$ cat entry_7.txt   # compact mmCIF, C-alpha atoms and all ligand atoms
# COMPACT_ATOMS: atom_id res chain seq x y z
CA MET A 266 18.41 1.60 -21.78
CA VAL A 267 18.36 3.63 -24.99
CA HIS A 268 15.74 2.62 -27.53
CA ASP A 269 17.61 1.97 -30.76
CA PRO A 270 15.38 0.40 -33.41
CA ALA A 271 18.33 -0.02 -35.80
CA ASN A 272 19.92 -2.64 -33.53
CA ARG A 273 16.85 -4.78 -33.16
CA THR A 274 16.39 -8.26 -34.56
CA PRO A 275 12.88 -8.85 -35.95
CA GLU A 276 11.98 -10.85 -32.82
CA THR A 277 12.95 -8.12 -30.38
CA ASP A 278 11.26 -5.51 -32.58
CA ALA A 279 7.93 -6.73 -31.25
CA PRO A 280 6.36 -4.24 -28.86
CA ILE A 281 6.55 -5.33 -25.22
CA ALA A 282 3.55 -5.56 -22.92
CA ALA A 283 3.16 -5.85 -19.13
CA CYS A 284 0.59 -5.26 -16.44
CA LEU A 285 1.91 -2.48 -14.18
CA THR A 286 -0.60 -2.75 -11.35
CA PRO A 287 -0.30 -5.28 -8.53
CA PRO A 288 -2.77 -8.19 -8.66
CA ALA A 289 -5.97 -8.49 -6.63
CA MET A 290 -6.03 -5.27 -4.56
CA GLY A 291 -6.76 -2.73 -7.27
CA GLY A 292 -10.11 -2.42 -9.01
CA VAL A 293 -8.33 -1.33 -12.15
CA ALA A 294 -5.43 -2.92 -14.03
CA VAL A 295 -3.08 -0.78 -16.09
CA ILE A 296 -1.41 -2.54 -19.01
CA GLN A 297 1.25 -0.80 -21.05
CA VAL A 298 2.44 -1.75 -24.49
CA VAL A 299 5.67 -0.13 -25.62
CA GLY A 300 7.24 -0.08 -29.06
CA SER A 301 7.11 1.60 -32.46
CA ASP A 302 4.49 -0.94 -33.57
CA ALA A 303 2.48 -0.78 -30.31
CA PRO A 304 -0.49 1.21 -31.76
CA ARG A 305 -1.05 -1.34 -34.54
CA VAL A 306 -0.74 -4.35 -32.21
CA VAL A 307 -3.07 -2.92 -29.55
CA GLY A 308 -5.48 -1.71 -32.24
CA LYS A 309 -6.18 -5.37 -33.15
CA CYS A 310 -7.78 -5.88 -29.71
CA LEU A 311 -9.91 -2.74 -29.64
CA ARG A 312 -13.24 -1.65 -31.01
CA SER A 313 -14.48 1.92 -30.89
CA ARG A 314 -17.60 3.78 -31.98
CA ARG A 315 -15.55 6.43 -33.74
CA PRO A 316 -12.72 5.52 -36.14
CA LEU A 317 -9.62 4.73 -34.13
CA ASP A 318 -6.00 5.31 -35.15
CA LEU A 319 -3.86 4.99 -32.05
CA ALA A 320 -0.72 6.20 -33.83
CA THR A 321 -2.24 9.64 -34.43
CA MET A 322 -4.11 10.00 -31.14
CA ASP A 323 -3.56 13.21 -29.21
CA PRO A 324 -1.33 12.56 -26.11
CA GLY A 325 -3.94 14.20 -23.89
CA GLU A 326 -6.83 12.15 -25.26
CA ILE A 327 -8.45 9.31 -23.31
CA ARG A 328 -10.60 7.00 -25.43
CA LEU A 329 -13.23 4.66 -24.07
CA CYS A 330 -13.11 1.51 -26.21
CA ARG A 331 -14.14 -2.11 -26.02
CA TRP A 332 -11.48 -4.78 -25.49
CA VAL A 333 -12.60 -7.45 -27.95
CA ASN A 334 -11.63 -10.84 -29.25
CA GLY A 335 -13.41 -10.88 -32.60
CA ASP A 336 -17.08 -10.52 -31.72
CA GLU A 337 -16.55 -11.35 -28.05
CA VAL A 338 -16.44 -8.28 -25.78
CA ILE A 339 -13.99 -8.89 -22.91
CA ASP A 340 -14.08 -5.55 -21.09
CA ASP A 341 -14.34 -1.77 -21.35
CA ALA A 342 -10.95 -0.18 -21.86
CA LEU A 343 -9.67 3.36 -21.36
CA VAL A 344 -6.82 3.96 -23.78
CA THR A 345 -4.14 6.63 -23.95
CA VAL A 346 -1.13 6.92 -26.27
CA ARG A 347 2.01 8.98 -25.81
CA GLN A 348 5.58 9.18 -27.01
CA ASP A 349 8.00 10.43 -24.37
CA ARG A 350 10.81 12.60 -25.68
CA GLY A 351 10.82 11.00 -29.13
CA GLY A 352 10.99 7.45 -27.70
CA PRO A 353 8.76 4.52 -28.63
CA PHE A 354 4.96 4.67 -28.51
CA ILE A 355 3.54 3.94 -25.07
CA VAL A 356 -0.03 2.68 -25.27
CA GLU A 357 -1.68 2.49 -21.85
CA ILE A 358 -4.85 0.48 -21.35
CA SER A 359 -6.92 0.56 -18.14
CA LEU A 360 -9.10 -2.51 -17.72
CA HIS A 361 -10.94 -3.98 -14.76
CA GLY A 362 -8.46 -5.49 -12.32
CA GLY A 363 -9.64 -9.11 -12.11
CA PRO A 364 -6.64 -11.38 -12.67
CA ARG A 365 -8.43 -13.41 -15.36
CA ILE A 366 -9.22 -10.31 -17.41
CA VAL A 367 -5.58 -9.23 -17.16
CA GLN A 368 -4.32 -12.68 -18.15
CA ARG A 369 -6.69 -12.82 -21.09
CA ALA A 370 -5.73 -9.34 -22.26
CA LEU A 371 -2.01 -10.15 -22.09
CA LEU A 372 -2.57 -13.39 -23.98
CA MET A 373 -4.45 -11.53 -26.69
CA LEU A 374 -1.66 -8.97 -26.95
CA GLN A 375 0.81 -11.81 -27.34
CA GLN A 376 -1.29 -13.32 -30.13
CA ALA A 377 -1.44 -9.88 -31.76
CA GLY A 378 2.37 -9.72 -31.86
CA ALA A 379 3.52 -8.25 -28.55
CA ARG A 380 6.09 -9.82 -26.24
CA VAL A 381 4.79 -10.10 -22.68
CA VAL A 382 7.49 -9.14 -20.17
CA GLU A 383 7.92 -8.41 -16.46
CA PRO A 384 6.83 -4.86 -15.53
CA GLU A 385 10.41 -3.92 -14.55
CA GLU A 386 11.64 -4.63 -18.08
CA LEU A 387 8.83 -2.60 -19.56
CA LEU A 388 9.47 0.38 -17.29
CA ASP A 389 13.14 0.27 -18.17
CA GLU A 390 12.16 0.54 -21.83
CA ALA A 391 9.38 3.06 -21.49
CA CYS A 392 10.82 5.30 -18.87
CA THR A 393 13.22 8.01 -19.88
CA ALA A 394 13.57 9.32 -16.35
CA ALA A 395 14.35 13.00 -16.01
CA ASN A 396 16.40 12.59 -12.86
CA ALA A 397 17.48 10.23 -10.13
CA MET A 398 14.34 11.00 -8.16
CA GLU A 399 12.08 9.80 -10.95
CA ARG A 400 14.23 6.77 -11.69
CA GLU A 401 14.11 5.66 -8.06
CA ILE A 402 10.45 6.29 -7.35
CA LEU A 403 8.81 4.96 -10.51
CA PRO A 404 9.75 1.29 -9.92
CA LEU A 405 8.13 1.53 -6.48
CA LEU A 406 4.82 2.13 -8.24
CA LEU A 407 4.84 -1.51 -9.26
CA LYS A 408 5.00 -2.61 -5.66
CA ALA A 409 2.38 -0.22 -4.30
CA LYS A 410 -0.24 -2.33 -2.60
CA THR A 411 -3.16 0.05 -3.07
CA ARG A 412 -4.17 2.33 -5.89
CA ALA A 413 -4.13 5.33 -3.54
CA ALA A 414 -0.53 4.59 -2.57
CA ALA A 415 0.41 4.31 -6.27
CA VAL A 416 -1.21 7.68 -7.02
CA TRP A 417 0.64 9.21 -4.05
CA LEU A 418 3.96 7.86 -5.38
CA ALA A 419 3.26 9.17 -8.87
CA LYS A 420 2.72 12.68 -7.49
CA LEU A 421 5.65 12.40 -5.09
CA VAL A 422 8.27 12.69 -7.84
CA GLN A 423 7.39 16.34 -8.51
CA LYS A 424 6.51 17.27 -4.93
CA LEU A 425 9.72 15.90 -3.45
CA THR A 426 11.78 17.49 -6.24
CA ASP A 427 10.18 20.87 -5.47
CA ARG A 428 10.77 20.45 -1.73
CA ILE A 429 14.45 19.53 -2.18
CA LYS A 430 14.94 22.52 -4.48
CA ALA A 431 13.27 24.78 -1.90
CA LEU A 432 15.57 23.35 0.78
CA LEU A 433 18.61 24.07 -1.38
CA ASP A 434 17.39 27.67 -1.78
CA LEU A 435 16.94 27.99 1.99
CA ILE A 436 20.45 26.73 2.65
CA GLU A 437 21.90 29.01 0.01
CA SER A 438 20.20 32.04 1.51
CA GLY A 439 21.53 31.19 4.98
CA GLU A 440 18.24 30.02 6.48
CA GLU A 441 19.80 26.93 7.96
CA THR A 442 17.53 26.67 11.00
CA LEU A 443 14.45 26.52 8.83
CA ALA A 444 16.10 24.07 6.45
CA ARG A 445 17.05 21.89 9.41
CA GLN A 446 13.46 21.84 10.69
CA GLU A 447 12.07 20.95 7.28
CA LEU A 448 14.65 18.24 6.73
CA ALA A 449 13.93 16.75 10.16
CA ALA A 450 10.22 16.61 9.24
CA LEU A 451 11.06 14.87 5.95
CA CYS A 452 13.23 12.28 7.70
CA GLN A 453 10.52 11.63 10.26
CA ALA A 454 7.82 11.29 7.60
CA SER A 455 9.85 8.56 5.89
CA GLU A 456 8.71 6.19 8.66
CA GLN A 457 5.06 6.86 7.78
CA ALA A 458 5.78 6.49 4.08
CA LYS A 459 7.36 3.12 4.81
CA LYS A 460 4.16 2.02 6.52
CA LEU A 461 2.09 3.26 3.60
CA LEU A 462 4.18 1.22 1.17
CA THR A 463 4.73 -1.96 3.20
CA GLY A 464 1.36 -1.95 4.97
CA LEU A 465 0.25 -2.38 8.56
CA ARG A 466 0.10 -5.68 10.37
CA VAL A 467 -2.78 -5.62 12.84
CA VAL A 468 -3.00 -8.74 15.01
CA VAL A 469 -6.44 -9.29 16.54
CA VAL A 470 -6.32 -10.97 19.96
CA GLY A 471 -8.70 -11.67 22.84
CA ALA A 472 -10.44 -14.40 24.76
CA PRO A 473 -12.35 -17.07 22.78
CA ASN A 474 -15.73 -16.10 21.38
CA THR A 475 -15.25 -12.32 21.83
CA GLY A 476 -15.92 -11.75 18.12
CA LYS A 477 -12.40 -11.48 16.67
CA SER A 478 -13.18 -13.34 13.45
CA THR A 479 -16.52 -11.52 13.03
CA LEU A 480 -14.69 -8.20 13.46
CA ILE A 481 -12.12 -9.09 10.81
CA ASN A 482 -14.87 -10.12 8.41
CA SER A 483 -16.55 -6.74 8.93
CA LEU A 484 -13.33 -4.75 8.60
CA ALA A 485 -12.08 -6.67 5.59
CA GLY A 486 -15.56 -6.42 4.07
CA ARG A 487 -15.94 -10.06 3.23
CA GLU A 488 -16.80 -13.41 4.79
CA GLN A 489 -13.39 -14.98 5.06
CA ALA A 490 -12.76 -15.97 8.65
CA ILE A 491 -14.79 -18.85 10.11
CA VAL A 492 -17.19 -17.59 12.76
CA SER A 493 -19.24 -19.69 15.19
CA GLU A 494 -20.87 -19.46 18.58
CA LEU A 495 -18.49 -22.18 19.79
CA PRO A 496 -15.37 -20.89 21.56
CA GLY A 497 -12.09 -22.04 20.04
CA THR A 498 -13.25 -21.75 16.43
CA THR A 499 -10.05 -20.12 15.21
CA ARG A 500 -7.05 -22.37 15.82
CA ASP A 501 -4.08 -21.17 13.79
CA TRP A 502 -3.50 -17.55 12.84
CA VAL A 503 -4.77 -16.45 9.40
CA GLU A 504 -3.93 -13.33 7.39
CA HIS A 505 -6.67 -11.15 5.85
CA PRO A 506 -5.26 -8.44 3.56
CA THR A 507 -7.38 -5.34 2.99
CA ALA A 508 -7.00 -1.55 2.95
CA ILE A 509 -8.20 1.26 5.20
CA ASP A 510 -8.30 4.76 3.74
CA GLY A 511 -5.90 3.58 1.04
CA VAL A 512 -3.41 2.21 3.60
CA PRO A 513 -2.70 -1.48 3.05
CA VAL A 514 -3.53 -3.47 6.16
CA VAL A 515 -3.19 -7.15 6.95
CA PHE A 516 -5.47 -8.24 9.78
CA VAL A 517 -4.28 -11.40 11.48
CA ASP A 518 -6.96 -13.56 13.08
CA THR A 519 -5.70 -15.59 16.05
CA ALA A 520 -6.80 -18.30 18.43
CA GLY A 521 -8.57 -17.02 21.57
CA ILE A 522 -6.29 -16.61 24.59
CA HIS A 523 -7.31 -18.60 27.69
CA ASP A 524 -5.96 -21.15 30.17
CA ALA A 525 -5.90 -24.09 27.81
CA THR A 526 -5.00 -27.61 28.83
CA ASP A 527 -5.29 -29.16 25.39
CA PRO A 528 -1.77 -29.22 23.81
CA ILE A 529 -3.10 -28.14 20.37
CA GLU A 530 -4.84 -25.16 21.92
CA GLN A 531 -1.73 -24.33 23.95
CA GLU A 532 0.31 -24.32 20.74
CA ALA A 533 -2.32 -22.15 19.01
CA ILE A 534 -2.17 -19.65 21.89
CA ARG A 535 1.63 -19.64 21.79
CA ARG A 536 1.35 -18.70 18.12
CA THR A 537 -1.10 -15.92 18.98
CA HIS A 538 1.53 -14.41 21.32
CA GLN A 539 4.19 -14.86 18.67
CA GLN A 540 2.06 -12.99 16.13
CA ALA A 541 1.29 -10.23 18.63
CA SER A 542 5.00 -9.74 19.27
CA VAL A 543 5.65 -8.83 15.61
CA ALA A 544 2.50 -6.73 15.11
CA ASP A 545 2.48 -3.03 14.29
CA ILE A 546 -0.76 -2.83 16.25
CA VAL A 547 -2.43 -5.37 18.52
CA LEU A 548 -6.20 -5.07 18.36
CA SER A 549 -7.45 -6.43 21.67
CA VAL A 550 -11.08 -7.55 21.60
CA ALA A 551 -13.25 -8.13 24.69
CA ASP A 552 -16.92 -9.12 24.94
CA LEU A 553 -18.88 -6.50 26.90
CA THR A 554 -21.78 -8.89 27.57
CA ILE A 555 -19.71 -11.03 29.94
CA PRO A 556 -18.02 -9.93 33.22
CA PHE A 557 -15.13 -7.51 32.72
CA GLU A 558 -11.86 -9.29 33.45
CA PRO A 559 -8.86 -7.35 32.13
CA GLY A 560 -6.57 -10.13 33.34
CA ARG A 561 -8.03 -12.56 30.81
CA SER A 562 -5.83 -11.16 28.08
CA PRO A 563 -2.32 -9.75 28.52
CA TYR A 564 -3.16 -7.20 25.83
CA TRP A 565 -5.66 -4.84 27.32
CA MET A 566 -5.24 -1.07 27.19
CA ALA A 567 -1.45 -1.31 27.50
CA GLY A 568 1.70 -2.47 25.77
CA GLY A 569 1.49 -6.23 25.45
CA ASP A 570 3.82 -8.37 27.50
CA SER A 571 3.83 -11.69 25.77
CA GLY A 572 7.19 -12.66 27.25
CA THR A 573 8.33 -13.68 23.76
CA SER A 574 9.89 -10.48 22.47
CA ALA A 575 11.34 -7.16 23.55
CA HIS A 576 9.11 -5.42 20.99
CA VAL A 577 6.09 -3.90 22.73
CA PRO A 578 3.35 -3.34 20.17
CA THR A 579 0.82 -0.54 20.27
CA VAL A 580 -2.47 -1.83 21.65
CA VAL A 581 -5.93 -0.68 20.61
CA ALA A 582 -8.65 -2.08 22.90
CA VAL A 583 -12.23 -2.58 21.78
CA ALA A 584 -15.32 -3.66 23.72
CA ASN A 585 -17.35 -5.71 21.25
CA LYS A 586 -21.06 -6.63 20.98
CA SER A 587 -22.30 -3.11 21.75
CA ASP A 588 -25.61 -4.08 20.08
CA LEU A 589 -26.31 -6.09 23.25
CA PRO A 590 -26.71 -4.72 26.82
CA PRO A 591 -23.33 -4.58 28.59
CA HIS A 592 -22.66 -6.64 31.70
CA PRO A 593 -22.92 -4.32 34.78
CA SER A 594 -19.19 -4.82 35.55
CA TRP A 595 -18.38 -2.84 32.36
CA GLN A 596 -20.09 0.36 33.47
CA ASP A 597 -17.02 2.18 34.87
CA VAL A 598 -14.72 0.91 32.13
CA LEU A 599 -16.98 2.12 29.35
CA SER A 600 -17.61 5.55 30.87
CA ALA A 601 -13.91 6.23 31.52
CA GLU A 602 -12.39 8.86 29.22
CA THR A 603 -9.55 6.54 28.26
CA GLY A 604 -11.85 3.54 27.99
CA PRO A 605 -11.95 1.12 25.08
CA LEU A 606 -13.72 1.86 21.82
CA ARG A 607 -17.23 0.47 21.91
CA ILE A 608 -18.05 -1.46 18.76
CA SER A 609 -20.34 -4.06 17.29
CA ALA A 610 -18.67 -6.35 14.79
CA LEU A 611 -22.13 -7.63 13.92
CA THR A 612 -23.80 -4.29 13.07
CA SER A 613 -20.56 -2.40 12.20
CA ALA A 614 -21.35 0.28 14.82
CA GLY A 615 -18.14 2.08 15.84
CA LEU A 616 -16.03 0.51 13.08
CA ASN A 617 -15.44 3.85 11.33
CA ASP A 618 -13.98 5.20 14.58
CA LEU A 619 -11.86 2.10 14.92
CA GLU A 620 -10.50 2.50 11.39
CA THR A 621 -9.76 6.18 12.00
CA THR A 622 -7.91 5.23 15.19
CA LEU A 623 -5.79 2.62 13.42
CA VAL A 624 -4.75 5.12 10.74
CA ARG A 625 -4.09 7.83 13.35
CA MET A 626 -1.89 5.53 15.45
CA THR A 627 0.24 4.95 12.38
CA GLY A 628 0.66 8.70 11.90
CA LEU A 629 -1.06 8.54 8.51
CA THR A 630 -4.11 10.76 9.13
CA GLY A 631 -4.59 12.96 6.04
CA TRP A 632 -1.64 11.26 4.31
CA ARG A 633 -2.98 11.83 0.79
CA GLN A 634 -2.64 15.59 1.16
CA ASN A 635 0.04 15.95 3.84
CA LEU A 636 2.56 13.17 3.50
CA LEU A 637 5.79 14.23 1.83
CA ALA A 638 8.75 11.96 2.44
CA PRO A 639 11.82 10.32 0.91
CA VAL A 640 10.91 6.72 0.11
CA THR A 641 13.98 4.79 -0.98
CA PRO A 642 16.83 3.90 1.40
CA ARG A 643 19.18 6.11 -0.64
CA GLN A 644 16.83 9.08 -0.47
CA VAL A 645 16.40 8.68 3.27
CA GLU A 646 20.16 8.37 3.70
CA CYS A 647 20.79 11.56 1.66
CA CYS A 648 18.21 13.49 3.72
CA ARG A 649 19.65 12.21 7.02
CA ALA A 650 23.20 13.03 5.95
CA ALA A 651 22.10 16.55 4.91
CA LEU A 652 20.35 16.95 8.26
CA SER A 653 23.38 15.96 10.25
CA ALA A 654 25.53 18.31 8.12
CA LEU A 655 23.24 21.12 9.28
CA ASP A 656 23.84 20.24 12.93
CA ALA A 657 23.37 23.45 14.95
CA ARG A 658 26.82 23.35 16.56
CA GLN A 659 28.97 22.93 13.47
CA ALA A 660 26.75 23.44 10.45
CA ASP A 661 28.33 22.64 7.10
CA PRO A 662 25.84 24.02 4.55
CA GLN A 663 27.98 23.05 1.56
CA THR A 664 28.02 19.39 2.53
CA ALA A 665 24.29 19.52 3.24
CA SER A 666 23.65 20.96 -0.24
CA ARG A 667 25.82 18.30 -1.84
CA TRP A 668 23.78 15.54 -0.20
CA LEU A 669 20.53 17.12 -1.35
CA LYS A 670 21.74 17.67 -4.91
CA ASN A 671 22.53 13.96 -4.98
CA LEU A 672 18.79 13.35 -4.89
CA LEU A 673 18.28 15.36 -8.08
CA GLU A 674 21.33 14.22 -10.04
CA PRO A 675 20.52 13.96 -13.76
CA GLU A 676 19.70 10.69 -15.41
CA THR A 677 22.85 8.84 -16.58
CA ARG A 678 21.48 5.57 -17.89
CA GLY A 679 22.20 4.21 -21.28
N1 LIG A 701 -24.49 -9.78 19.15
C1 LIG A 701 -23.25 -9.84 18.67
N2 LIG A 701 -22.69 -11.04 18.45
C2 LIG A 701 -21.43 -11.06 17.96
C3 LIG A 701 -20.72 -9.89 17.67
N3 LIG A 701 -19.49 -10.23 17.21
C4 LIG A 701 -19.46 -11.58 17.20
N4 LIG A 701 -20.61 -12.08 17.65
C5 LIG A 701 -20.97 -13.50 17.80
O1 LIG A 701 -20.07 -14.07 18.75
C6 LIG A 701 -19.80 -15.44 18.41
C7 LIG A 701 -18.30 -15.63 18.29
O2 LIG A 701 -17.81 -14.92 17.21
P1 LIG A 701 -16.39 -15.22 16.54
O3 LIG A 701 -16.14 -14.12 15.59
O4 LIG A 701 -16.32 -16.62 16.05
O5 LIG A 701 -15.45 -15.08 17.83
P2 LIG A 701 -13.88 -15.34 17.93
O6 LIG A 701 -13.35 -14.36 18.91
O7 LIG A 701 -13.26 -15.35 16.60
O8 LIG A 701 -13.88 -16.79 18.57
P3 LIG A 701 -12.69 -17.87 18.59
O9 LIG A 701 -12.20 -18.06 17.20
O10 LIG A 701 -13.42 -19.08 19.09
O11 LIG A 701 -11.66 -17.40 19.54
C8 LIG A 701 -20.54 -15.69 17.08
O12 LIG A 701 -21.77 -16.30 17.40
C9 LIG A 701 -20.76 -14.30 16.53
O13 LIG A 701 -21.88 -14.19 15.70
C10 LIG A 701 -21.36 -8.62 17.90
O14 LIG A 701 -20.83 -7.53 17.69
N5 LIG A 701 -22.63 -8.67 18.41
MG MG A 702 -12.25 -16.84 15.59
$ encode --input "entry_7.txt" --output "structure tokens"
Amino acid sequence: MVHDPANRTPETDAPIAACLTPPAMGGVAVIQVVGSDAPRVVGKCLRSRRPLDLATMDPGEIRLCRWVNGDEVIDDALVTVRQDRGGPFIVEISLHGGPRIVQRALLMLQQAGARVVEPEELLDEACTAANAMEREILPLLLKAKTRAAAVWLAKLVQKLTDRIKALLDLIESGEETLARQELAALCQASEQAKKLLTGLRVVVVGAPNTGKSTLINSLAGREQAIVSELPGTTRDWVEHPTAIDGVPVVFVDTAGIHDATDPIEQEAIRRTHQQASVADIVLSVADLTIPFEPGRSPYWMAGGDSGTSAHVPTVVAVANKSDLPPHPSWQDVLSAETGPLRISALTSAGLNDLETTLVRMTGLTGWRQNLLAPVTPRQVECCRAALSALDARQADPQTASRWLKNLLEPETRG
């Protein structure tokens, strides 16, 4: 959409405001206000030690201000102002991410004369994308579930552009084998990128009272799941969203698996199996203070066989309650090289290793530095088509180049 102030009615001339960061997960909320009058409108909500004129602020400057409603201080605010390629002013305000602060700030902006809109509408207005790559990736920022994933996406635009250009150079100079290898790596990495953006579903299973809910509370860093010394505390499955190393993770707490006769428990256990069958990872928890019985849970050190689905999830096995002496029957299991991870949900011992293992099993170790991948279905399709055009037996470099250039095609909106 081209910004054309001449065609605006007074009502639509109001600057538009939206919160660009997803709720809850992030510690920081980024609000943008876009429009020729945005500096004046935002200025009504700010107080600063030094005189503040947003309209003349240097684009590189970041100002620490107070977000105020008259004499009431609402929050600290970091403020930047820029004008992309002669477009409208874009005032960006970083506040703390609590939903009530964000709501209050948006309400104040509305009272100051801004129109509060959905983030997609604001991006459409503010973003004069340089190329197809930027246009496709920027909207994904709104859906990023962690701040780290959003930062990765923001950097990806340039990195992926550079890589595609380098691939085009390789193809042009006849280095097709190398180009093929690099393209194959990009296509493969798209699976990891998908996990980074959609998040991991880790279903925690095991016999009753093994410490599943306690473990989730420790991993998710808060007291959410009900814990008790009575077996059968958790009945229905419950989701606990969190993040590990910037990767969004949903832990799913489930009812303990055992030979139940009570119909409600049987139903709860059926649901546990159902959840396990759609998990990315099944985290199988056993209690090392009671006799070792691998048969107690179908998910122990192997692909689960719940009988409900053809999908066999990856299983990570943990022996919990390592703060207590293990039952003698565990001795061989714990000393085996391929044995379970030894952890204590109560003291958090071994939980760093467990988190590292979960990230490694998803192929996301070192993702902040190393992960470079196409992220939208169209980008993945272009890369795959280019790869198959470089097939070793009948390589067609021109077609491969065409597919790759598609990714960089210039912006045509408006
Ligand atoms: N010493 C010790 N106790 C633990 C540990 N983890 C859990 N517990 C205790 O084990 C008992 C059961 O914990 P829960 O987390 O409720 O177990 P659960 O597997 O969710 O149980 P159900 O929901 O009944 O299937 C509680 O008394 C916990 O405090 C641990 O690492 N060490
Ligand atoms: Mg429980």
$ atom_distance --input "entry_7.txt" --atom1 "atom CA of A:Ser613" --atom2 "atom CA of A:Leu465"
21.1 Å
$ closest_residue --input "entry_7.txt" --among "A:Ala544, A:Ala454, A:Ala638, A:Val470" --to "ligand LIG 701 (chain A)" --atoms "all atoms listed in the file"
A:Val470
$ closest_residue --input "entry_7.txt" --among "A:Gly378, A:Gly615, A:Gly464, A:Pro556" --to "A:Ser483" --atoms "only C-alpha atoms"
A:Gly615
$ closest_residue --input "entry_7.txt" --among "A:Lys430, A:Arg445, A:Arg625, A:Lys460" --to "A:Ala651" --atoms "only C-alpha atoms"
A:Arg445
$ residues_near_point --input "entry_7.txt" --point "(9.9, -1.3, -16.0)" --cutoff "10 Å" --atoms "all atoms listed in the file" --output "mmCIF file with C-alpha atoms, keeping the file's coordinate frame"
data_model
loop_
_atom_site.group_PDB
_atom_site.id
_atom_site.type_symbol
_atom_site.label_atom_id
_atom_site.label_comp_id
_atom_site.auth_asym_id
_atom_site.auth_seq_id
_atom_site.Cartn_x
_atom_site.Cartn_y
_atom_site.Cartn_z
ATOM 1 C CA ALA A 283 3.160 -5.850 -19.130
ATOM 2 C CA LEU A 285 1.910 -2.480 -14.180
ATOM 3 C CA VAL A 382 7.490 -9.140 -20.170
ATOM 4 C CA GLU A 383 7.920 -8.410 -16.460
ATOM 5 C CA PRO A 384 6.830 -4.860 -15.530
ATOM 6 C CA GLU A 385 10.410 -3.920 -14.550
ATOM 7 C CA GLU A 386 11.640 -4.630 -18.080
ATOM 8 C CA LEU A 387 8.830 -2.600 -19.560
ATOM 9 C CA LEU A 388 9.470 0.380 -17.290
ATOM 10 C CA ASP A 389 13.140 0.270 -18.170
ATOM 11 C CA GLU A 390 12.160 0.540 -21.830
ATOM 12 C CA ALA A 391 9.380 3.060 -21.490
ATOM 13 C CA CYS A 392 10.820 5.300 -18.870
ATOM 14 C CA LEU A 403 8.810 4.960 -10.510
ATOM 15 C CA PRO A 404 9.750 1.290 -9.920
ATOM 16 C CA LEU A 406 4.820 2.130 -8.240
ATOM 17 C CA LEU A 407 4.840 -1.510 -9.260
#
$ residues_around --input "entry_7.txt" --residues "A:Arg347" --least-positions-apart "3" --cutoff "7 Å" --atoms "only C-alpha atoms" --output "PyMOL selection string"
chain A and resi 324+354-356
$ write_last_selection --input "entry_7.txt" --atoms "C-alpha atoms" --output "compact mmCIF listing (two decimals), keeping the file's coordinate frame"
# COMPACT_ATOMS: atom_id res chain seq x y z
CA PRO A 324 -1.33 12.56 -26.11
CA PHE A 354 4.96 4.67 -28.51
CA ILE A 355 3.54 3.94 -25.07
CA VAL A 356 -0.03 2.68 -25.27
$ atom_distance --input "entry_7.txt" --atom1 "atom CA of A:Leu432" --atom2 "atom CA of A:Ala444"
5.7 Å
$ closest_residue --input "entry_7.txt" --among "A:Asp588, A:Met398, A:Leu317, A:Glu602" --to "A:Cys647" --atoms "only C-alpha atoms"
A:Met398
$ closest_residue --input "entry_7.txt" --among "A:Lys477, A:Lys309, A:Arg607, A:Arg633" --to "ligand MG 702 (chain A)" --atoms "only C-alpha atoms and all ligand atoms"
A:Lys477
$ closest_residue --input "entry_7.txt" --among "A:Gly476, A:Asp323, A:Asp552, A:Ala508" --to "A:Ala520" --atoms "all atoms listed in the file"
A:Gly476
$ atom_distance --input "entry_7.txt" --atom1 "atom C8 of ligand LIG 701 (chain A)" --atom2 "atom CA of A:Thr603"
27.2 Å
$ residues_near_point --input "entry_7.txt" --point "(-19.9, -3.8, 29.8)" --cutoff "8 Å" --atoms "all atoms listed in the file" --output "list in words"
Asp552, Leu553, Thr554, Ile555, Pro556, Phe557, Ala584, Pro590, Pro591, His592, Pro593, Ser594, Trp595, Gln596, Val598 and Leu599 of chain A
$ axis_aligned_box --input "entry_7.txt" --around "stretch 501-507 of chain A" --padding-each-side "4 Å" --output "JSON"
{"center_x": -5.4, "center_y": -13.3, "center_z": 8.4, "size_x": 11.9, "size_y": 23.8, "size_z": 18.8}
